[in-house]
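Visitor: Dropping in target.json, with JSON, C-alpha atoms.
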[["chain", "number", "residue", "atom", "x", "y", "z"],
["D", 1, "VAL", "CA", 82.11, 348.14, -47.46],
["D", 2, "LEU", "CA", 83.70, 350.52, -49.96],
["D", 3, "SER", "CA", 87.20, 349.96, -48.63],
["D", 4, "ARG", "CA", 86.69, 346.20, -48.53],
["D", 5, "HIS", "CA", 86.07, 346.28, -52.28],
["D", 6, "LEU", "CA", 88.91, 348.73, -53.03],
["D", 7, "MET", "CA", 86.53, 351.58, -53.83],
["D", 8, "THR", "CA", 86.52, 355.18, -52.61],
["D", 9, "ARG", "CA", 83.94, 357.93, -52.24],
["D", 10, "GLU", "CA", 86.02, 360.00, -54.66],
["D", 11, "GLN", "CA", 85.50, 357.30, -57.30],
["D", 12, "LEU", "CA", 81.76, 357.41, -56.76],
["D", 13, "ASP", "CA", 81.73, 361.19, -57.13],
["D", 14, "ASN", "CA", 82.99, 360.78, -60.72],
["D", 15, "PRO", "CA", 80.20, 359.45, -62.96],
["D", 16, "TYR", "CA", 82.80, 358.36, -65.55],
["D", 17, "ALA", "CA", 85.04, 356.43, -63.12],
["D", 18, "GLU", "CA", 85.46, 352.76, -64.01],
["D", 19, "VAL", "CA", 84.92, 349.93, -61.51],
["D", 20, "PRO", "CA", 85.55, 346.29, -62.52],
["D", 21, "LEU", "CA", 82.25, 344.43, -62.93],
["D", 22, "ALA", "CA", 83.08, 341.63, -60.49],
["D", 23, "ARG", "CA", 84.00, 344.20, -57.82],
["D", 24, "TYR", "CA", 80.79, 346.17, -58.43],
["D", 25, "VAL", "CA", 78.59, 343.06, -58.13],
["D", 26, "ALA", "CA", 80.41, 341.89, -54.97],
["D", 27, "PHE", "CA", 80.03, 345.39, -53.49],
["D", 28, "LEU", "CA", 76.24, 345.23, -53.94],
["D", 29, "GLU", "CA", 76.11, 341.81, -52.23],
["D", 30, "SER", "CA", 78.18, 343.16, -49.32],
["D", 31, "ALA", "CA", 76.02, 346.27, -49.07],
["D", 32, "ALA", "CA", 72.91, 344.09, -48.68],
["D", 33, "GLU", "CA", 74.63, 342.13, -45.92],
["D", 34, "ALA", "CA", 75.77, 345.31, -44.15],
["D", 35, "ALA", "CA", 72.23, 346.74, -44.38],
["D", 36, "ARG", "CA", 70.80, 343.41, -43.17],
["D", 37, "ASP", "CA", 68.31, 343.70, -46.00],
["D", 38, "PRO", "CA", 68.17, 340.91, -48.63],
["D", 39, "SER", "CA", 66.05, 343.23, -50.82],
["D", 40, "PHE", "CA", 68.60, 346.05, -50.71],
["D", 41, "GLY", "CA", 69.23, 346.02, -54.49],
["D", 42, "ALA", "CA", 65.56, 346.05, -55.44],
["D", 43, "ILE", "CA", 64.75, 348.85, -53.00],
["D", 44, "ALA", "CA", 67.74, 350.90, -54.18],
["D", 45, "GLY", "CA", 66.51, 350.44, -57.75],
["D", 46, "THR", "CA", 63.30, 352.33, -56.97],
["D", 47, "ALA", "CA", 65.36, 355.51, -56.49],
["D", 48, "PHE", "CA", 66.75, 355.20, -60.01],
["D", 49, "ARG", "CA", 66.05, 358.06, -62.43],
["D", 50, "PRO", "CA", 67.17, 358.58, -66.05],
["D", 51, "ALA", "CA", 69.80, 361.10, -64.97],
["D", 52, "THR", "CA", 71.41, 358.35, -62.87],
["D", 53, "LEU", "CA", 72.62, 356.86, -66.17],
["D", 54, "GLY", "CA", 73.78, 360.21, -67.50],
["D", 55, "PRO", "CA", 73.43, 360.53, -71.28],
["D", 56, "VAL", "CA", 72.23, 356.89, -71.58],
["D", 57, "GLY", "CA", 69.26, 357.63, -69.32],
["D", 58, "LEU", "CA", 68.45, 360.90, -71.06],
["D", 59, "TYR", "CA", 68.56, 359.09, -74.43],
["D", 60, "PHE", "CA", 66.08, 356.55, -73.03],
["D", 61, "SER", "CA", 63.62, 359.01, -71.48],
["D", 62, "ALA", "CA", 63.55, 361.35, -74.49],
["D", 63, "SER", "CA", 62.44, 358.51, -76.80],
["D", 64, "ALA", "CA", 58.99, 358.68, -78.35],
["D", 65, "THR", "CA", 58.00, 355.12, -77.35],
["D", 66, "LEU", "CA", 58.95, 352.60, -74.72],
["D", 67, "ARG", "CA", 60.25, 350.32, -77.46],
["D", 68, "GLY", "CA", 62.49, 353.08, -78.78],
["D", 69, "GLY", "CA", 63.78, 353.82, -75.29],
["D", 70, "LEU", "CA", 64.52, 350.17, -74.55],
["D", 71, "GLU", "CA", 66.22, 349.74, -77.93],
["D", 72, "ARG", "CA", 68.49, 352.67, -77.16],
["D", 73, "LEU", "CA", 69.10, 351.32, -73.66],
["D", 74, "ALA", "CA", 70.10, 347.93, -75.08],
["D", 75, "GLN", "CA", 72.40, 349.54, -77.66],
["D", 76, "THR", "CA", 74.13, 351.93, -75.29],
["D", 77, "LEU", "CA", 74.14, 350.43, -71.79],
["D", 78, "THR", "CA", 77.28, 348.46, -72.53],
["D", 79, "THR", "CA", 78.98, 351.88, -72.65],
["D", 80, "TRP", "CA", 78.44, 351.88, -68.89],
["D", 81, "GLN", "CA", 78.74, 348.15, -68.15],
["D", 82, "ASP", "CA", 80.79, 345.62, -70.10],
["D", 83, "GLY", "CA", 80.59, 341.84, -69.71],
["D", 84, "THR", "CA", 76.82, 342.06, -69.95],
["D", 85, "SER", "CA", 74.28, 341.00, -72.57],
["D", 86, "ILE", "CA", 71.23, 343.21, -73.00],
["D", 87, "GLY", "CA", 68.63, 342.55, -75.66],
["D", 88, "LEU", "CA", 65.15, 343.35, -76.88],
["D", 89, "HIS", "CA", 62.85, 341.24, -79.02],
["D", 90, "ASP", "CA", 59.19, 340.67, -79.86],
["D", 91, "GLU", "CA", 57.55, 337.49, -78.62],
["D", 92, "ASP", "CA", 53.91, 336.98, -79.63],
["D", 93, "ASP", "CA", 52.06, 340.03, -78.22],
["D", 94, "SER", "CA", 54.91, 341.00, -75.92],
["D", 95, "LEU", "CA", 58.09, 343.05, -75.99],
["D", 96, "VAL", "CA", 60.85, 341.30, -74.03],
["D", 97, "TRP", "CA", 63.84, 343.13, -72.50],
["D", 98, "THR", "CA", 66.64, 340.84, -71.30],
["D", 99, "TYR", "CA", 69.63, 341.45, -69.03],
["D", 100, "ARG", "CA", 72.35, 339.03, -67.98],
["D", 101, "ILE", "CA", 75.95, 339.19, -66.79],
["D", 102, "GLU", "CA", 77.89, 336.87, -69.10],
["D", 103, "ASP", "CA", 80.56, 335.61, -66.67],
["D", 104, "PRO", "CA", 79.15, 332.60, -64.73],
["D", 105, "LEU", "CA", 81.88, 333.04, -62.11],
["D", 106, "ILE", "CA", 80.40, 336.38, -61.04],
["D", 107, "TRP", "CA", 78.02, 334.85, -58.52],
["D", 108, "PRO", "CA", 76.05, 335.45, -56.38],
["D", 109, "ARG", "CA", 74.55, 338.41, -58.17],
["D", 110, "ARG", "CA", 71.04, 338.65, -56.81],
["D", 111, "GLN", "CA", 71.50, 342.28, -55.80],
["D", 112, "ASP", "CA", 72.66, 343.34, -59.26],
["D", 113, "SER", "CA", 69.80, 341.45, -60.96],
["D", 114, "GLU", "CA", 67.10, 342.85, -58.70],
["D", 115, "TYR", "CA", 68.60, 346.34, -58.75],
["D", 116, "THR", "CA", 68.68, 346.33, -62.56],
["D", 117, "LEU", "CA", 65.13, 344.98, -62.90],
["D", 118, "ALA", "CA", 63.72, 347.45, -60.36],
["D", 119, "ALA", "CA", 65.69, 350.39, -61.78],
["D", 120, "THR", "CA", 64.67, 349.65, -65.38],
["D", 121, "ALA", "CA", 61.01, 349.14, -64.46],
["D", 122, "THR", "CA", 61.01, 352.34, -62.37],
["D", 123, "MET", "CA", 62.65, 354.37, -65.11],
["D", 124, "ALA", "CA", 60.23, 352.94, -67.71],
["D", 125, "ARG", "CA", 57.17, 353.79, -65.60],
["D", 126, "ASP", "CA", 58.44, 357.30, -64.93],
["D", 127, "ALA", "CA", 59.07, 357.99, -68.62],
["D", 128, "PHE", "CA", 56.22, 356.06, -70.26],
["D", 129, "GLY", "CA", 53.48, 355.65, -67.64],
["D", 130, "ALA", "CA", 50.88, 352.93, -68.19],
["D", 131, "SER", "CA", 52.61, 351.84, -71.41],
["D", 132, "ALA", "CA", 55.36, 350.39, -69.20],
["D", 133, "ARG", "CA", 53.07, 348.13, -67.18],
["D", 134, "LEU", "CA", 54.74, 344.75, -66.81],
["D", 135, "ILE", "CA", 52.88, 341.60, -67.80],
["D", 136, "GLU", "CA", 55.60, 339.19, -66.63],
["D", 137, "VAL", "CA", 59.04, 339.20, -64.99],
["D", 138, "HIS", "CA", 61.74, 336.51, -65.05],
["D", 139, "VAL", "CA", 64.65, 336.39, -62.59],
["D", 140, "GLU", "CA", 67.73, 334.17, -62.90],
["D", 141, "HIS", "CA", 68.28, 333.43, -59.21],
["D", 142, "LEU", "CA", 66.13, 331.11, -57.12],
["D", 143, "GLU", "CA", 63.16, 332.45, -55.19],
["D", 144, "PRO", "CA", 64.30, 334.12, -51.95],
["D", 145, "ALA", "CA", 62.82, 333.45, -48.53],
["D", 146, "ASP", "CA", 60.79, 336.66, -48.83],
["D", 147, "PRO", "CA", 59.80, 337.42, -52.43],
["D", 148, "ALA", "CA", 57.27, 340.09, -51.40],
["D", 149, "PRO", "CA", 59.49, 343.22, -51.70],
["D", 150, "LEU", "CA", 60.47, 342.59, -55.34],
["D", 151, "SER", "CA", 56.90, 341.57, -56.22],
["D", 152, "ARG", "CA", 55.60, 344.79, -54.68],
["D", 153, "ILE", "CA", 58.18, 346.93, -56.50],
["D", 154, "LEU", "CA", 57.56, 345.34, -59.89],
["D", 155, "GLY", "CA", 53.78, 345.06, -59.50],
["D", 156, "ARG", "CA", 53.75, 341.29, -59.96],
["D", 157, "LYS", "CA", 55.48, 338.20, -58.65],
["D", 158, "PRO", "CA", 58.47, 337.18, -60.79],
["D", 159, "VAL", "CA", 59.12, 333.71, -62.14],
["D", 160, "TYR", "CA", 62.41, 332.64, -60.51],
["D", 161, "GLY", "CA", 65.22, 330.31, -61.60],
["D", 162, "GLN", "CA", 65.15, 331.44, -65.23],
["D", 163, "PRO", "CA", 68.07, 331.49, -67.74],
["D", 164, "GLY", "CA", 68.20, 335.29, -67.56],
["D", 165, "ASN", "CA", 66.46, 338.39, -66.21],
["D", 166, "ARG", "CA", 63.55, 339.57, -68.34],
["D", 167, "LEU", "CA", 60.99, 342.36, -68.21],
["D", 168, "ILE", "CA", 58.00, 341.59, -70.43],
["D", 169, "PHE", "CA", 55.76, 344.41, -71.64],
["D", 170, "ASN", "CA", 52.57, 344.54, -73.69],
["D", 171, "LEU", "CA", 53.57, 345.07, -77.32],
["D", 172, "ARG", "CA", 50.83, 347.59, -78.14],
["D", 173, "GLY", "CA", 51.68, 349.72, -75.09],
["D", 174, "ALA", "CA", 55.41, 349.57, -75.88],
["D", 175, "ASP", "CA", 54.73, 350.98, -79.36],
["D", 176, "ARG", "CA", 52.34, 353.72, -78.16],
["D", 177, "ARG", "CA", 53.78, 357.16, -78.93],
["D", 178, "GLN", "CA", 54.23, 359.21, -75.74],
["D", 179, "ARG", "CA", 56.05, 362.30, -77.02],
["D", 180, "SER", "CA", 57.72, 363.89, -80.00],
["D", 181, "GLU", "CA", 61.48, 363.43, -80.18],
["D", 182, "ASP", "CA", 63.83, 366.35, -80.58],
["D", 183, "PRO", "CA", 65.98, 365.16, -83.51],
["D", 184, "GLU", "CA", 68.86, 367.53, -82.76],
["D", 185, "MET", "CA", 69.06, 366.51, -79.11],
["D", 186, "MET", "CA", 68.80, 362.79, -79.97],
["D", 187, "ALA", "CA", 71.58, 363.13, -82.54],
["D", 188, "MET", "CA", 73.77, 364.94, -80.02],
["D", 189, "LEU", "CA", 73.20, 362.29, -77.33],
["D", 190, "GLY", "CA", 73.81, 359.50, -79.84],
["D", 191, "GLN", "CA", 77.08, 361.08, -80.96],
["D", 192, "HIS", "CA", 78.22, 361.60, -77.37],
["D", 193, "LEU", "CA", 77.55, 357.93, -76.56],
["D", 194, "ASP", "CA", 79.38, 356.83, -79.70],
["D", 195, "ASP", "CA", 82.34, 358.91, -78.58],
["D", 196, "LEU", "CA", 82.30, 357.27, -75.13],
["D", 197, "ARG", "CA", 82.43, 353.83, -76.76],
["D", 198, "GLN", "CA", 85.70, 354.59, -78.53],
["D", 199, "PRO", "CA", 88.80, 352.83, -77.11]]
Can the structure from this file be put into structure tokens for me?
Guide:
Amino acid sequence: VLSRHLMTREQLDNPYAEVPLARYVAFLESAAEAARDPSFGAIAGTAFRPATLGPVGLYFSASATLRGGLERLAQTLTTWQDGTSIGLHDEDDSLVWTYRIEDPLIWPRRQDSEYTLAATATMARDAFGASARLIEVHVEHLEPADPAPLSRILGRKPVYGQPGNRLIFNLRGADRRQRSEDPEMMAMLGQHLDDLRQP
């Protein structure tokens, strides 16, 4: 599967190696086919930890609140993945995190969507516990033949066929302080990520 998508194990050993987005998304789709598991992306997402994202993940998990972590994730994740829109906004009593690949020609992309939703939800639960309990999930692709694996991973059945992928959290929980931030470490991580964003 790697060779089919012009990727090597040496590339994957380098956390700063660049892979074109369309190739990455197609690789995930092929990996699910090779594994004969339509829920491959979602299941792989459950193994995700903050360190998987390097300094971006550490920036997220060291945040005092879930909101702060998701804000930093939205601001910095494009350092790791271009061609993607990531946002965060309040909606009534909810905090809504959105994720969507902007290029409509990069399709299908079920594996990327489910991987990202599962990975983000897993990372949020690990770092912020009950404050990261989901109250709703939206997925852009249509409902698969077996929606049970993603529902089990996320803790609730998603609403399918939506304009984008969304994780919806309780606003009060998202603003609950979980830890004190280390200002020196946060400044260092922020500066490092700014440096990575330079041309």
Visitor: Contacts of Arg72 in chain D at 10 Å or less, counting all atoms listed in the file, minus same-chain residues fewer than 3 places along, as a ChimeraX atom specification?
Guide: /D:56-57,59-61,63,66-69,75-77,88,190
Visitor: How many Å separate CA of Ser113 in chain D from CA of Arg133 in chain D?
Guide: 19.1 Å
Visitor: To one decimal place, how far is CA of Thr52 in chain D from CA of Val139 in chain D in Å?
Guide: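 Calculated distance between CA of Thr52 in chain D and CA of Val139 in chain D is 23.0 Å.
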Visitor: Let me make sure I understand: among D:Leu142, D:Ala26, D:Leu167, D:Ala187, which one has the smallest atom-to-atom distance to Ala121 in chain D if we use all atoms listed in the file?
Guide: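 Of the candidates, the smallest distance to Ala121 in chain D is held by D:Leu167.
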Visitor: Could you give me, as a list in words, the residues that have an atom at most 9 Å away from the point (68.6, 331.4, -68.6) in the coordinates of the file, using all atoms listed in the file?
Guide: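 Nearby residues: Arg100, Val139, Glu140, Gly161, Gln162, Pro163, Gly164 and Asn165 of chain D.
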Visitor: One decimal, Å: what's the distance from CA of Ile101 in chain D over to CA of Ala62 in chain D, could you say?
Guide: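 Separation of CA of Ile101 in chain D and CA of Ala62 in chain D: 26.5 Å.
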Visitor: Compare D:Ile135, D:Leu28, D:Met7, D:Ile86 by their minimum atom-to-atom distance to Ala42 in chain D, counting all atoms listed in the file, and give me the closest one.
Guide: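 Of all the options, D:Leu28 lies closest to Ala42 in chain D.
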Visitor: Using all atoms listed in the file for the distances, tell me which of D:Ala127, D:Glu114, D:Thr65, D:Ala74 is nearest to Ser180 in chain D.
Guide: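 Going through D:Ala127, D:Glu114, D:Thr65, D:Ala74 one by one, the smallest distance to Ser180 in chain D is for D:Thr65.
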